[in-house]
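Engineer: Okay, so here is my_file31.pdb, and as you'll see once you scroll down, it has PDB, C-alpha atoms and all ligand atoms.
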```
MODEL        1
ATOM      1  CA  MET A 296      -5.025 -18.417  41.709  1.00  0.00           C
ATOM      2  CA  ASN A 297      -4.226 -15.131  43.475  1.00  0.00           C
ATOM      3  CA  SER A 298      -7.051 -12.693  44.165  1.00  0.00           C
ATOM      4  CA  VAL A 299      -5.799 -10.057  41.690  1.00  0.00           C
ATOM      5  CA  ALA A 300      -5.902 -12.580  38.841  1.00  0.00           C
ATOM      6  CA  GLN A 301      -9.276 -13.794  40.022  1.00  0.00           C
ATOM      7  CA  HIS A 302     -10.817 -10.298  40.131  1.00  0.00           C
ATOM      8  CA  LEU A 303      -9.360  -9.522  36.720  1.00  0.00           C
ATOM      9  CA  LEU A 304     -10.877 -12.631  35.161  1.00  0.00           C
ATOM     10  CA  GLU A 305     -14.271 -11.951  36.708  1.00  0.00           C
ATOM     11  CA  ILE A 306     -14.350  -8.417  35.319  1.00  0.00           C
ATOM     12  CA  LYS A 307     -13.057  -9.388  31.861  1.00  0.00           C
ATOM     13  CA  LYS A 308     -15.565 -12.214  31.545  1.00  0.00           C
ATOM     14  CA  GLU A 309     -18.413  -9.688  31.493  1.00  0.00           C
ATOM     15  CA  LEU A 310     -16.792  -7.057  29.266  1.00  0.00           C
ATOM     16  CA  PRO A 311     -18.259  -6.503  25.805  1.00  0.00           C
ATOM     17  CA  ALA A 312     -15.629  -6.872  23.063  1.00  0.00           C
ATOM     18  CA  GLN A 313     -15.486  -3.121  22.310  1.00  0.00           C
ATOM     19  CA  VAL A 314     -14.651  -2.160  25.902  1.00  0.00           C
ATOM     20  CA  LYS A 315     -11.014  -1.913  26.969  1.00  0.00           C
ATOM     21  CA  LEU A 316     -10.051  -2.421  30.598  1.00  0.00           C
ATOM     22  CA  ILE A 317      -7.488  -0.007  32.028  1.00  0.00           C
ATOM     23  CA  ALA A 318      -6.147  -1.538  35.254  1.00  0.00           C
ATOM     24  CA  VAL A 319      -5.577   1.448  37.536  1.00  0.00           C
ATOM     25  CA  SER A 320      -2.425   0.581  39.428  1.00  0.00           C
ATOM     26  CA  LYS A 321      -1.828   3.857  41.299  1.00  0.00           C
ATOM     27  CA  THR A 322      -0.590   3.351  44.888  1.00  0.00           C
ATOM     28  CA  TYR A 323      -0.139  -0.423  44.447  1.00  0.00           C
ATOM     29  CA  PRO A 324       3.429  -1.749  44.567  1.00  0.00           C
ATOM     30  CA  VAL A 325       5.008  -3.308  41.480  1.00  0.00           C
ATOM     31  CA  ASP A 326       4.872  -6.856  42.866  1.00  0.00           C
ATOM     32  CA  VAL A 327       1.080  -6.575  43.189  1.00  0.00           C
ATOM     33  CA  VAL A 328       0.698  -4.911  39.769  1.00  0.00           C
ATOM     34  CA  MET A 329       2.781  -7.740  38.283  1.00  0.00           C
ATOM     35  CA  LEU A 330       0.145 -10.243  39.397  1.00  0.00           C
ATOM     36  CA  ALA A 331      -2.212  -8.577  36.917  1.00  0.00           C
ATOM     37  CA  TYR A 332       0.494  -8.549  34.239  1.00  0.00           C
ATOM     38  CA  GLU A 333       1.113 -12.252  34.744  1.00  0.00           C
ATOM     39  CA  ALA A 334      -2.631 -12.862  34.421  1.00  0.00           C
ATOM     40  CA  GLY A 335      -2.463 -11.266  30.956  1.00  0.00           C
ATOM     41  CA  GLN A 336      -3.275  -7.598  31.621  1.00  0.00           C
ATOM     42  CA  ARG A 337      -1.174  -5.226  29.501  1.00  0.00           C
ATOM     43  CA  VAL A 338      -2.895  -1.836  29.908  1.00  0.00           C
ATOM     44  CA  PHE A 339      -2.287   0.078  33.129  1.00  0.00           C
ATOM     45  CA  GLY A 340      -3.370   3.519  34.306  1.00  0.00           C
ATOM     46  CA  GLU A 341      -1.563   5.831  36.714  1.00  0.00           C
ATOM     47  CA  ASN A 342      -2.537   9.275  37.957  1.00  0.00           C
ATOM     48  CA  LYS A 343       0.900  10.604  38.896  1.00  0.00           C
ATOM     49  CA  VAL A 344       3.806  11.157  36.523  1.00  0.00           C
ATOM     50  CA  GLN A 345       6.593  10.115  38.874  1.00  0.00           C
ATOM     51  CA  GLU A 346       4.880   6.905  39.929  1.00  0.00           C
ATOM     52  CA  MET A 347       4.127   6.012  36.315  1.00  0.00           C
ATOM     53  CA  CYS A 348       7.774   6.581  35.290  1.00  0.00           C
ATOM     54  CA  GLU A 349       9.048   4.432  38.153  1.00  0.00           C
ATOM     55  CA  LYS A 350       6.723   1.555  37.292  1.00  0.00           C
ATOM     56  CA  GLN A 351       7.453   1.883  33.584  1.00  0.00           C
ATOM     57  CA  GLU A 352      11.164   1.375  34.311  1.00  0.00           C
ATOM     58  CA  GLN A 353      10.578  -1.653  36.487  1.00  0.00           C
ATOM     59  CA  MET A 354       7.915  -3.464  34.494  1.00  0.00           C
ATOM     60  CA  PRO A 355       8.108  -5.287  31.136  1.00  0.00           C
ATOM     61  CA  LYS A 356       8.284  -3.069  28.063  1.00  0.00           C
ATOM     62  CA  ASP A 357       5.122  -4.375  26.411  1.00  0.00           C
ATOM     63  CA  VAL A 358       2.922  -2.600  28.969  1.00  0.00           C
ATOM     64  CA  GLU A 359       0.694   0.172  27.585  1.00  0.00           C
ATOM     65  CA  TRP A 360       0.804   3.083  30.052  1.00  0.00           C
ATOM     66  CA  HIS A 361      -2.176   5.442  30.312  1.00  0.00           C
ATOM     67  CA  LEU A 362      -1.993   8.682  32.292  1.00  0.00           C
ATOM     68  CA  ILE A 363      -5.403   9.246  33.865  1.00  0.00           C
ATOM     69  CA  GLY A 364      -4.756  11.989  36.437  1.00  0.00           C
ATOM     70  CA  HIS A 365      -4.236  15.728  36.248  1.00  0.00           C
ATOM     71  CA  LEU A 366      -1.093  16.539  34.244  1.00  0.00           C
ATOM     72  CA  GLN A 367       1.045  19.648  34.743  1.00  0.00           C
ATOM     73  CA  THR A 368       2.689  21.059  31.623  1.00  0.00           C
ATOM     74  CA  ASN A 369       6.182  20.937  33.166  1.00  0.00           C
ATOM     75  CA  LYS A 370       5.901  17.153  33.628  1.00  0.00           C
ATOM     76  CA  VAL A 371       4.834  16.182  30.103  1.00  0.00           C
ATOM     77  CA  LYS A 372       8.466  15.670  29.047  1.00  0.00           C
ATOM     78  CA  TYR A 373       8.917  12.750  31.454  1.00  0.00           C
ATOM     79  CA  ILE A 374       6.123  10.642  29.967  1.00  0.00           C
ATOM     80  CA  ALA A 375       6.306  11.751  26.314  1.00  0.00           C
ATOM     81  CA  PRO A 376       8.760   9.001  25.280  1.00  0.00           C
ATOM     82  CA  PHE A 377       6.487   6.111  26.259  1.00  0.00           C
ATOM     83  CA  VAL A 378       2.918   7.075  27.220  1.00  0.00           C
ATOM     84  CA  SER A 379       0.211   5.342  25.127  1.00  0.00           C
ATOM     85  CA  LEU A 380      -2.756   7.545  25.946  1.00  0.00           C
ATOM     86  CA  ILE A 381      -3.281  10.661  28.061  1.00  0.00           C
ATOM     87  CA  HIS A 382      -6.885  10.652  29.341  1.00  0.00           C
ATOM     88  CA  SER A 383      -6.784  13.909  31.247  1.00  0.00           C
ATOM     89  CA  VAL A 384      -6.124  16.771  28.830  1.00  0.00           C
ATOM     90  CA  ASP A 385      -8.002  19.807  30.116  1.00  0.00           C
ATOM     91  CA  SER A 386      -6.518  22.809  28.289  1.00  0.00           C
ATOM     92  CA  LEU A 387      -5.156  23.948  24.945  1.00  0.00           C
ATOM     93  CA  LYS A 388      -1.922  24.939  26.678  1.00  0.00           C
ATOM     94  CA  LEU A 389      -1.413  21.364  27.892  1.00  0.00           C
ATOM     95  CA  LEU A 390      -2.234  19.971  24.466  1.00  0.00           C
ATOM     96  CA  GLN A 391       0.357  22.319  22.912  1.00  0.00           C
ATOM     97  CA  GLU A 392       3.013  21.120  25.346  1.00  0.00           C
ATOM     98  CA  ILE A 393       2.169  17.460  24.652  1.00  0.00           C
ATOM     99  CA  ASN A 394       2.461  18.235  20.934  1.00  0.00           C
ATOM    100  CA  LYS A 395       5.874  19.841  21.464  1.00  0.00           C
ATOM    101  CA  GLN A 396       7.223  16.940  23.511  1.00  0.00           C
ATOM    102  CA  ALA A 397       5.762  14.378  21.091  1.00  0.00           C
ATOM    103  CA  GLN A 398       7.568  16.151  18.253  1.00  0.00           C
ATOM    104  CA  LYS A 399      10.863  15.977  20.174  1.00  0.00           C
ATOM    105  CA  ASN A 400      10.330  12.225  20.513  1.00  0.00           C
ATOM    106  CA  ASN A 401       9.369  11.801  16.857  1.00  0.00           C
ATOM    107  CA  ARG A 402       5.956  10.463  17.656  1.00  0.00           C
ATOM    108  CA  VAL A 403       2.259  11.197  17.753  1.00  0.00           C
ATOM    109  CA  ILE A 404       0.649  10.995  21.185  1.00  0.00           C
ATOM    110  CA  ASP A 405      -2.997   9.981  21.520  1.00  0.00           C
ATOM    111  CA  CYS A 406      -5.055  12.080  23.917  1.00  0.00           C
ATOM    112  CA  LEU A 407      -8.552  12.339  25.340  1.00  0.00           C
ATOM    113  CA  LEU A 408     -10.144  15.598  26.414  1.00  0.00           C
ATOM    114  CA  GLN A 409     -11.361  15.409  29.981  1.00  0.00           C
ATOM    115  CA  ILE A 410     -14.884  16.783  30.285  1.00  0.00           C
ATOM    116  CA  TYR A 411     -16.374  18.080  33.486  1.00  0.00           C
ATOM    117  CA  ILE A 412     -19.630  16.137  33.892  1.00  0.00           C
ATOM    118  CA  ALA A 413     -19.943  15.737  37.670  1.00  0.00           C
ATOM    119  CA  GLN A 414     -21.881  17.981  40.008  1.00  0.00           C
ATOM    120  CA  GLU A 415     -18.896  18.230  42.335  1.00  0.00           C
ATOM    121  CA  GLU A 416     -16.573  21.208  42.499  1.00  0.00           C
ATOM    122  CA  THR A 417     -13.324  19.281  42.807  1.00  0.00           C
ATOM    123  CA  LYS A 418     -13.097  17.520  39.463  1.00  0.00           C
ATOM    124  CA  PHE A 419     -10.833  18.767  36.688  1.00  0.00           C
ATOM    125  CA  GLY A 420     -11.955  19.113  33.110  1.00  0.00           C
ATOM    126  CA  LEU A 421     -13.385  21.257  30.342  1.00  0.00           C
ATOM    127  CA  SER A 422     -17.043  22.181  30.106  1.00  0.00           C
ATOM    128  CA  PRO A 423     -18.736  20.919  26.911  1.00  0.00           C
ATOM    129  CA  GLU A 424     -18.653  24.519  25.611  1.00  0.00           C
ATOM    130  CA  GLU A 425     -14.923  24.865  26.303  1.00  0.00           C
ATOM    131  CA  CYS A 426     -14.321  21.538  24.596  1.00  0.00           C
ATOM    132  CA  VAL A 427     -16.119  22.650  21.439  1.00  0.00           C
ATOM    133  CA  ALA A 428     -14.240  25.980  21.432  1.00  0.00           C
ATOM    134  CA  LEU A 429     -10.903  24.199  21.798  1.00  0.00           C
ATOM    135  CA  LEU A 430     -11.633  21.814  18.929  1.00  0.00           C
ATOM    136  CA  GLU A 431     -12.680  24.679  16.682  1.00  0.00           C
ATOM    137  CA  SER A 432      -9.679  26.891  17.439  1.00  0.00           C
ATOM    138  CA  ASP A 433      -6.964  27.528  14.842  1.00  0.00           C
ATOM    139  CA  ALA A 434      -4.277  26.810  17.430  1.00  0.00           C
ATOM    140  CA  TYR A 435      -5.658  23.296  17.851  1.00  0.00           C
ATOM    141  CA  LYS A 436      -5.686  22.647  14.119  1.00  0.00           C
ATOM    142  CA  GLN A 437      -1.952  23.345  13.945  1.00  0.00           C
ATOM    143  CA  LEU A 438      -1.016  20.488  16.280  1.00  0.00           C
ATOM    144  CA  ASN A 439       0.321  17.630  14.172  1.00  0.00           C
ATOM    145  CA  ASN A 440       1.942  15.460  16.839  1.00  0.00           C
ATOM    146  CA  ILE A 441      -1.128  14.824  18.949  1.00  0.00           C
ATOM    147  CA  ARG A 442      -4.315  13.013  18.032  1.00  0.00           C
ATOM    148  CA  VAL A 443      -7.461  13.585  20.080  1.00  0.00           C
ATOM    149  CA  VAL A 444      -9.252  10.224  19.882  1.00  0.00           C
ATOM    150  CA  GLY A 445     -12.128  10.848  22.272  1.00  0.00           C
ATOM    151  CA  LEU A 446     -13.360  12.094  25.617  1.00  0.00           C
ATOM    152  CA  MET A 447     -12.935  11.187  29.272  1.00  0.00           C
ATOM    153  CA  GLY A 448     -15.201  11.922  32.217  1.00  0.00           C
ATOM    154  CA  MET A 449     -15.753  11.124  35.865  1.00  0.00           C
ATOM    155  CA  ALA A 450     -19.277  10.910  37.239  1.00  0.00           C
ATOM    156  CA  SER A 451     -20.293  12.317  40.610  1.00  0.00           C
ATOM    157  CA  ASN A 452     -19.339  10.262  43.613  1.00  0.00           C
ATOM    158  CA  THR A 453     -22.914   9.340  44.529  1.00  0.00           C
ATOM    159  CA  GLU A 454     -25.117   6.315  45.084  1.00  0.00           C
ATOM    160  CA  LYS A 455     -27.772   7.807  42.803  1.00  0.00           C
ATOM    161  CA  GLU A 456     -27.660   5.672  39.703  1.00  0.00           C
ATOM    162  CA  GLU A 457     -29.859   8.007  37.654  1.00  0.00           C
ATOM    163  CA  GLN A 458     -27.526  10.931  38.338  1.00  0.00           C
ATOM    164  CA  ILE A 459     -24.474   8.904  37.225  1.00  0.00           C
ATOM    165  CA  ARG A 460     -26.299   7.688  34.133  1.00  0.00           C
ATOM    166  CA  LYS A 461     -27.292  11.224  33.199  1.00  0.00           C
ATOM    167  CA  GLU A 462     -23.683  12.403  33.450  1.00  0.00           C
ATOM    168  CA  PHE A 463     -22.369   9.584  31.247  1.00  0.00           C
ATOM    169  CA  ARG A 464     -25.121  10.363  28.715  1.00  0.00           C
ATOM    170  CA  GLU A 465     -23.991  13.964  28.571  1.00  0.00           C
ATOM    171  CA  LEU A 466     -20.475  12.761  27.749  1.00  0.00           C
ATOM    172  CA  LYS A 467     -21.786  10.395  25.068  1.00  0.00           C
ATOM    173  CA  LYS A 468     -23.848  13.147  23.470  1.00  0.00           C
ATOM    174  CA  LEU A 469     -20.778  15.378  23.179  1.00  0.00           C
ATOM    175  CA  LYS A 470     -18.653  12.526  21.814  1.00  0.00           C
ATOM    176  CA  ASP A 471     -21.241  11.743  19.150  1.00  0.00           C
ATOM    177  CA  ARG A 472     -20.843  15.253  17.714  1.00  0.00           C
ATOM    178  CA  TYR A 473     -17.372  14.205  16.530  1.00  0.00           C
ATOM    179  CA  PRO A 474     -17.392  11.102  14.309  1.00  0.00           C
ATOM    180  CA  ALA A 475     -13.585  10.909  14.521  1.00  0.00           C
ATOM    181  CA  PHE A 476     -13.834  10.270  18.261  1.00  0.00           C
ATOM    182  CA  LYS A 477     -13.708   6.533  18.818  1.00  0.00           C
ATOM    183  CA  GLU A 478     -13.100   6.459  22.561  1.00  0.00           C
ATOM    184  CA  MET A 479     -15.135   7.346  25.607  1.00  0.00           C
ATOM    185  CA  SER A 480     -13.223   6.733  28.828  1.00  0.00           C
ATOM    186  CA  CYS A 481     -15.601   6.489  31.760  1.00  0.00           C
ATOM    187  CA  GLY A 482     -16.511   4.126  34.542  1.00  0.00           C
ATOM    188  CA  MET A 483     -14.522   3.160  37.642  1.00  0.00           C
ATOM    189  CA  SER A 484     -14.929   0.333  40.173  1.00  0.00           C
ATOM    190  CA  SER A 485     -18.182   1.730  41.530  1.00  0.00           C
ATOM    191  CA  ASP A 486     -19.901   2.654  38.262  1.00  0.00           C
ATOM    192  CA  TYR A 487     -18.301   0.863  35.307  1.00  0.00           C
ATOM    193  CA  LYS A 488     -21.343  -1.303  34.600  1.00  0.00           C
ATOM    194  CA  ILE A 489     -23.509   1.791  34.185  1.00  0.00           C
ATOM    195  CA  ALA A 490     -20.771   3.403  32.067  1.00  0.00           C
ATOM    196  CA  ILE A 491     -20.714   0.422  29.687  1.00  0.00           C
ATOM    197  CA  GLU A 492     -24.494   0.584  29.280  1.00  0.00           C
ATOM    198  CA  GLU A 493     -24.091   4.258  28.377  1.00  0.00           C
ATOM    199  CA  GLY A 494     -21.443   3.685  25.718  1.00  0.00           C
ATOM    200  CA  SER A 495     -18.070   3.622  27.477  1.00  0.00           C
ATOM    201  CA  THR A 496     -15.232   2.114  25.435  1.00  0.00           C
ATOM    202  CA  MET A 497     -12.597   2.316  28.198  1.00  0.00           C
ATOM    203  CA  ILE A 498     -13.208   1.590  31.841  1.00  0.00           C
ATOM    204  CA  ARG A 499     -10.646   2.570  34.471  1.00  0.00           C
ATOM    205  CA  VAL A 500     -10.807   0.072  37.310  1.00  0.00           C
ATOM    206  CA  GLY A 501      -8.442  -0.056  40.287  1.00  0.00           C
ATOM    207  CA  SER A 502      -9.762  -1.199  43.648  1.00  0.00           C
ATOM    208  CA  SER A 503     -12.058  -3.893  42.226  1.00  0.00           C
ATOM    209  CA  ILE A 504      -8.937  -5.569  40.832  1.00  0.00           C
ATOM    210  CA  PHE A 505      -6.197  -4.802  43.349  1.00  0.00           C
ATOM    211  CA  GLY A 506      -8.194  -4.441  46.561  1.00  0.00           C
ATOM    212  CA  LYS A 507      -8.666  -1.555  48.947  1.00  0.00           C
ATOM    213  CA  ARG A 508      -6.175   1.245  48.341  1.00  0.00           C
ATOM    214  CA  ASN A 509      -3.808   2.351  51.071  1.00  0.00           C
ATOM    215  CA  TYR A 510      -3.729   6.120  50.634  1.00  0.00           C
ATOM    216  CA  THR A 511      -0.805   6.582  53.039  1.00  0.00           C
ATOM    217  CA  VAL A 512       1.561   4.883  50.552  1.00  0.00           C
TER     218      VAL A 512
HETATM  219  C1  LIG A 601      -8.188   6.110  40.871  1.00  0.00           C
HETATM  220  C2  LIG A 601      -8.885   6.401  39.604  1.00  0.00           C
HETATM  221  C3  LIG A 601      -9.693   5.436  38.984  1.00  0.00           C
HETATM  222  C4  LIG A 601      -9.966   4.059  39.562  1.00  0.00           C
HETATM  223  O1  LIG A 601     -10.694   4.130  40.741  1.00  0.00           O
HETATM  224  P1  LIG A 601     -11.236   2.795  41.462  1.00  0.00           P
HETATM  225  O2  LIG A 601     -12.405   3.287  42.269  1.00  0.00           O
HETATM  226  O3  LIG A 601     -10.141   2.292  42.311  1.00  0.00           O
HETATM  227  O4  LIG A 601     -11.647   1.837  40.432  1.00  0.00           O
HETATM  228  C5  LIG A 601     -10.266   5.774  37.764  1.00  0.00           C
HETATM  229  N1  LIG A 601     -10.055   6.971  37.183  1.00  0.00           N
HETATM  230  C6  LIG A 601      -9.293   7.916  37.753  1.00  0.00           C
HETATM  231  C7  LIG A 601      -9.102   9.222  37.058  1.00  0.00           C
HETATM  232  C8  LIG A 601      -8.656   7.668  38.982  1.00  0.00           C
HETATM  233  O5  LIG A 601      -7.891   8.614  39.520  1.00  0.00           O
ENDMDL
END
```
Taking this structure as input, can you express it in the form of structure tokens?
Ligand SMILES: *Cc1c(COP(=O)(O)O)cnc(C)c1O
Structural biologist:
Amino acid sequence: MNSVAQHLLEIKKELPAQVKLIAVSKTYPVDVVMLAYEAGQRVFGENKVQEMCEKQEQMPKDVEWHLIGHLQTNKVKYIAPFVSLIHSVDSLKLLQEINKQAQKNNRVIDCLLQIYIAQEETKFGLSPEECVALLESDAYKQLNNIRVVGLMGMASNTEKEEQIRKEFRELKKLKDRYPAFKEMSCGMSSDYKIAIEEGSTMIRVGSSIFGKRNYTV
């Protein structure tokens, strides 16, 4: 068995039934990503629109594509025909554009609101207060071609387990205010086990499946 298939099996073996694995395939070539497909994986996450579109064209049509990285409004149109879930919605303006493009494609697009939970300055996302304000706005209530199904967050890049746990708990607390929210997308290669203990329903794992990433690609 190849190492991608092996890593995938090891991770899936320990996953509780309610947790979905998003295989984060960004930067890995299609032939490597296909090893995961052939081992049964059908849900893949990409952080760049162009790369996701290229892989979507080349790979089998039963793949579920999740956009997990920052999305610019002018690029929504490229993914609107096929994207399964957008994890990284961080403004009302973006949500309105997704709604518009979903309407053009005669579909409803599922979205998560990305919440800023880390201590770091560089992460995108809404504050919990901004999230609440967005959900309570009249403009949001008029959007019929999107469905916000939960929240997404990224914990601080730290070794301190208690810090990570605290950040995931903050996300869970916000999610629990909205009974309609079924999904909480959090946990990556380094912290997905903690995320699952804190209520994650979607983990986004790349390097633990595909190996060390080559950022020069
Ligand atoms: C790259 C990425 C991941 C996966 O990271 P790994 O450490 O390789 O598991 C998860 N979420 C987001 C938003 C990413 O950009």
Engineer: Give as a list in words the set of residues within 8 Å of the point (-12.0, 14.2, 31.8), where distances use the file's coordinates and only C-alpha atoms.
Structural biologist: His382, Ser383, Val384, Asp385, Leu407, Leu408, Gln409, Ile410, Tyr411, Phe419, Gly420, Leu421, Leu446, Met447, Gly448 and Met449 of chain A
Engineer: Using all atoms listed in the file, find each residue in chain A having at least one atom no more than 10 Å away from ligand LIG 601 (chain A); report its shortest atom-to-atom pair and that distance in Å (one decimal), rows by chain then rising number, as JSON lines.
Structural biologist:
```
{"residue": "A:Ile317", "atom": "CA", "partner": "A:LIG601", "partner_atom": "C5", "distance": 8.6}
{"residue": "A:Ala318", "atom": "CA", "partner": "A:LIG601", "partner_atom": "C4", "distance": 8.0}
{"residue": "A:Val319", "atom": "CA", "partner": "A:LIG601", "partner_atom": "C4", "distance": 5.5}
{"residue": "A:Ser320", "atom": "CA", "partner": "A:LIG601", "partner_atom": "C1", "distance": 8.1}
{"residue": "A:Lys321", "atom": "CA", "partner": "A:LIG601", "partner_atom": "C1", "distance": 6.8}
{"residue": "A:Thr322", "atom": "CA", "partner": "A:LIG601", "partner_atom": "C1", "distance": 9.0}
{"residue": "A:Gly340", "atom": "CA", "partner": "A:LIG601", "partner_atom": "C5", "distance": 8.0}
{"residue": "A:Glu341", "atom": "CA", "partner": "A:LIG601", "partner_atom": "O5", "distance": 7.5}
{"residue": "A:Asn342", "atom": "CA", "partner": "A:LIG601", "partner_atom": "O5", "distance": 5.6}
{"residue": "A:Lys343", "atom": "CA", "partner": "A:LIG601", "partner_atom": "O5", "distance": 9.0}
{"residue": "A:Leu362", "atom": "CA", "partner": "A:LIG601", "partner_atom": "C7", "distance": 8.6}
{"residue": "A:Ile363", "atom": "CA", "partner": "A:LIG601", "partner_atom": "C7", "distance": 4.9}
{"residue": "A:Gly364", "atom": "CA", "partner": "A:LIG601", "partner_atom": "C7", "distance": 5.2}
{"residue": "A:His365", "atom": "CA", "partner": "A:LIG601", "partner_atom": "C7", "distance": 8.2}
{"residue": "A:His382", "atom": "CA", "partner": "A:LIG601", "partner_atom": "C7", "distance": 8.2}
{"residue": "A:Ser383", "atom": "CA", "partner": "A:LIG601", "partner_atom": "C7", "distance": 7.8}
{"residue": "A:Gln409", "atom": "CA", "partner": "A:LIG601", "partner_atom": "C7", "distance": 9.7}
{"residue": "A:Lys418", "atom": "CA", "partner": "A:LIG601", "partner_atom": "C7", "distance": 9.5}
{"residue": "A:Phe419", "atom": "CA", "partner": "A:LIG601", "partner_atom": "C7", "distance": 9.7}
{"residue": "A:Met447", "atom": "CA", "partner": "A:LIG601", "partner_atom": "C7", "distance": 8.9}
{"residue": "A:Gly448", "atom": "CA", "partner": "A:LIG601", "partner_atom": "C7", "distance": 8.2}
{"residue": "A:Met449", "atom": "CA", "partner": "A:LIG601", "partner_atom": "C7", "distance": 7.0}
{"residue": "A:Asn452", "atom": "CA", "partner": "A:LIG601", "partner_atom": "O2", "distance": 9.9}
{"residue": "A:Ser480", "atom": "CA", "partner": "A:LIG601", "partner_atom": "N1", "distance": 8.9}
{"residue": "A:Cys481", "atom": "CA", "partner": "A:LIG601", "partner_atom": "N1", "distance": 7.8}
{"residue": "A:Gly482", "atom": "CA", "partner": "A:LIG601", "partner_atom": "C5", "distance": 7.2}
{"residue": "A:Met483", "atom": "CA", "partner": "A:LIG601", "partner_atom": "O4", "distance": 4.2}
{"residue": "A:Ser484", "atom": "CA", "partner": "A:LIG601", "partner_atom": "O4", "distance": 3.6}
{"residue": "A:Ser485", "atom": "CA", "partner": "A:LIG601", "partner_atom": "O2", "distance": 6.0}
{"residue": "A:Asp486", "atom": "CA", "partner": "A:LIG601", "partner_atom": "O2", "distance": 8.5}
{"residue": "A:Tyr487", "atom": "CA", "partner": "A:LIG601", "partner_atom": "O4", "distance": 8.5}
{"residue": "A:Ile498", "atom": "CA", "partner": "A:LIG601", "partner_atom": "C5", "distance": 7.8}
{"residue": "A:Arg499", "atom": "CA", "partner": "A:LIG601", "partner_atom": "C5", "distance": 4.6}
{"residue": "A:Val500", "atom": "CA", "partner": "A:LIG601", "partner_atom": "O4", "distance": 3.7}
{"residue": "A:Gly501", "atom": "CA", "partner": "A:LIG601", "partner_atom": "O3", "distance": 3.5}
{"residue": "A:Ser502", "atom": "CA", "partner": "A:LIG601", "partner_atom": "O3", "distance": 3.8}
{"residue": "A:Ser503", "atom": "CA", "partner": "A:LIG601", "partner_atom": "O4", "distance": 6.0}
{"residue": "A:Ile504", "atom": "CA", "partner": "A:LIG601", "partner_atom": "O4", "distance": 7.9}
{"residue": "A:Phe505", "atom": "CA", "partner": "A:LIG601", "partner_atom": "O3", "distance": 8.2}
{"residue": "A:Gly506", "atom": "CA", "partner": "A:LIG601", "partner_atom": "O3", "distance": 8.2}
{"residue": "A:Lys507", "atom": "CA", "partner": "A:LIG601", "partner_atom": "O3", "distance": 7.8}
{"residue": "A:Arg508", "atom": "CA", "partner": "A:LIG601", "partner_atom": "O3", "distance": 7.3}
```
Engineer: Counting only C-alpha atoms, which residue out of A:Glu309, A:Ile489, A:Trp360, A:Val403 sits closest to A:Glu346?
Structural biologist: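 That would be A:Trp360, the residue with the smallest distance to A:Glu346.
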Engineer: List as a list in words the residues having at least one atom at most 10 Å from position (-14.2, -7.8, 33.8) as given in the file, counting only C-alpha atoms.
Structural biologist: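 Applying the cut-off with only C-alpha atoms, one gets Gln301, His302, Leu303, Leu304, Glu305, Ile306, Lys307, Lys308, Glu309, Leu310, Pro311, Val314, Lys315, Leu316, Tyr487, Lys488, Ile498, Val500, Ser503 and Ile504 of chain A.
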Engineer: In Å to one decimal, how far is atom CA of A:Leu390 from atom CA of A:Val371?
Structural biologist: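 Straight-line distance from atom CA of A:Val371 to atom CA of A:Leu390 works out to 9.8 Å.
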Engineer: Would you compute the distance between atom CA of A:Met497 and atom CA of A:Lys467? Give it in Å to one decimal.
Structural biologist: 12.6 Å
Engineer: Could you tell me which residues the PyMOL selection byres (((chain A and resi 334) around 10) and not hetatm) returns for this structure, as a list in words?
Structural biologist: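 That expression, the PyMOL selection byres (((chain A and resi 334) around 10) and not hetatm), corresponds here to Met296, Asn297, Val299, Ala300, Gln301, Leu303, Leu304, Met329, Leu330, Ala331, Tyr332, Glu333, Gly335, Gln336 and Arg337 of chain A.
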Engineer: Let me make sure I understand: among A:Ile393, A:Ala413, A:Val344, A:Ala475, which one has the smallest atom-to-atom distance to A:Arg460 if we use only C-alpha atoms?
Structural biologist: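 For A:Arg460, the nearest of the candidates is A:Ala413.
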Engineer: Set the distance at 10 Å and use all atoms listed in the file: which residues neighbour A:Arg464 once local chain neighbours fewer than 2 positions away are removed? I'd like the list as a PDB file with C-alpha atoms, in the frame of the given file.
Structural biologist:
```
ATOM      1  CA  ILE A 412     -19.630  16.137  33.892  1.00  0.00           C
ATOM      2  CA  GLN A 458     -27.526  10.931  38.338  1.00  0.00           C
ATOM      3  CA  ILE A 459     -24.474   8.904  37.225  1.00  0.00           C
ATOM      4  CA  ARG A 460     -26.299   7.688  34.133  1.00  0.00           C
ATOM      5  CA  LYS A 461     -27.292  11.224  33.199  1.00  0.00           C
ATOM      6  CA  GLU A 462     -23.683  12.403  33.450  1.00  0.00           C
ATOM      7  CA  LEU A 466     -20.475  12.761  27.749  1.00  0.00           C
ATOM      8  CA  LYS A 467     -21.786  10.395  25.068  1.00  0.00           C
ATOM      9  CA  LYS A 468     -23.848  13.147  23.470  1.00  0.00           C
ATOM     10  CA  LEU A 469     -20.778  15.378  23.179  1.00  0.00           C
ATOM     11  CA  LYS A 470     -18.653  12.526  21.814  1.00  0.00           C
ATOM     12  CA  ALA A 490     -20.771   3.403  32.067  1.00  0.00           C
ATOM     13  CA  GLU A 492     -24.494   0.584  29.280  1.00  0.00           C
ATOM     14  CA  GLU A 493     -24.091   4.258  28.377  1.00  0.00           C
ATOM     15  CA  GLY A 494     -21.443   3.685  25.718  1.00  0.00           C
ATOM     16  CA  SER A 495     -18.070   3.622  27.477  1.00  0.00           C
TER      17      SER A 495
END
```
Engineer: Calculated over all atoms listed in the file, which of the candidates A:Val443, A:Ala312, A:Val358, A:Cys406 has the smallest distance to A:Ile381?
Structural biologist: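 Residue with the minimum atom-to-atom distance to A:Ile381: A:Cys406.
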Engineer: Between atom CA of A:Thr368 and atom CA of A:Leu389, what distance in Å does the model show, to one decimal?
Structural biologist: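 Between these atoms lies a distance of 5.6 Å.
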Engineer: Out of A:Asp471, A:Phe463, A:Val338, A:Lys372, which residue has the shortest atom-to-atom distance to A:Asp357 when counting only C-alpha atoms?
Structural biologist: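 The answer is A:Val338, which sits nearest to A:Asp357.
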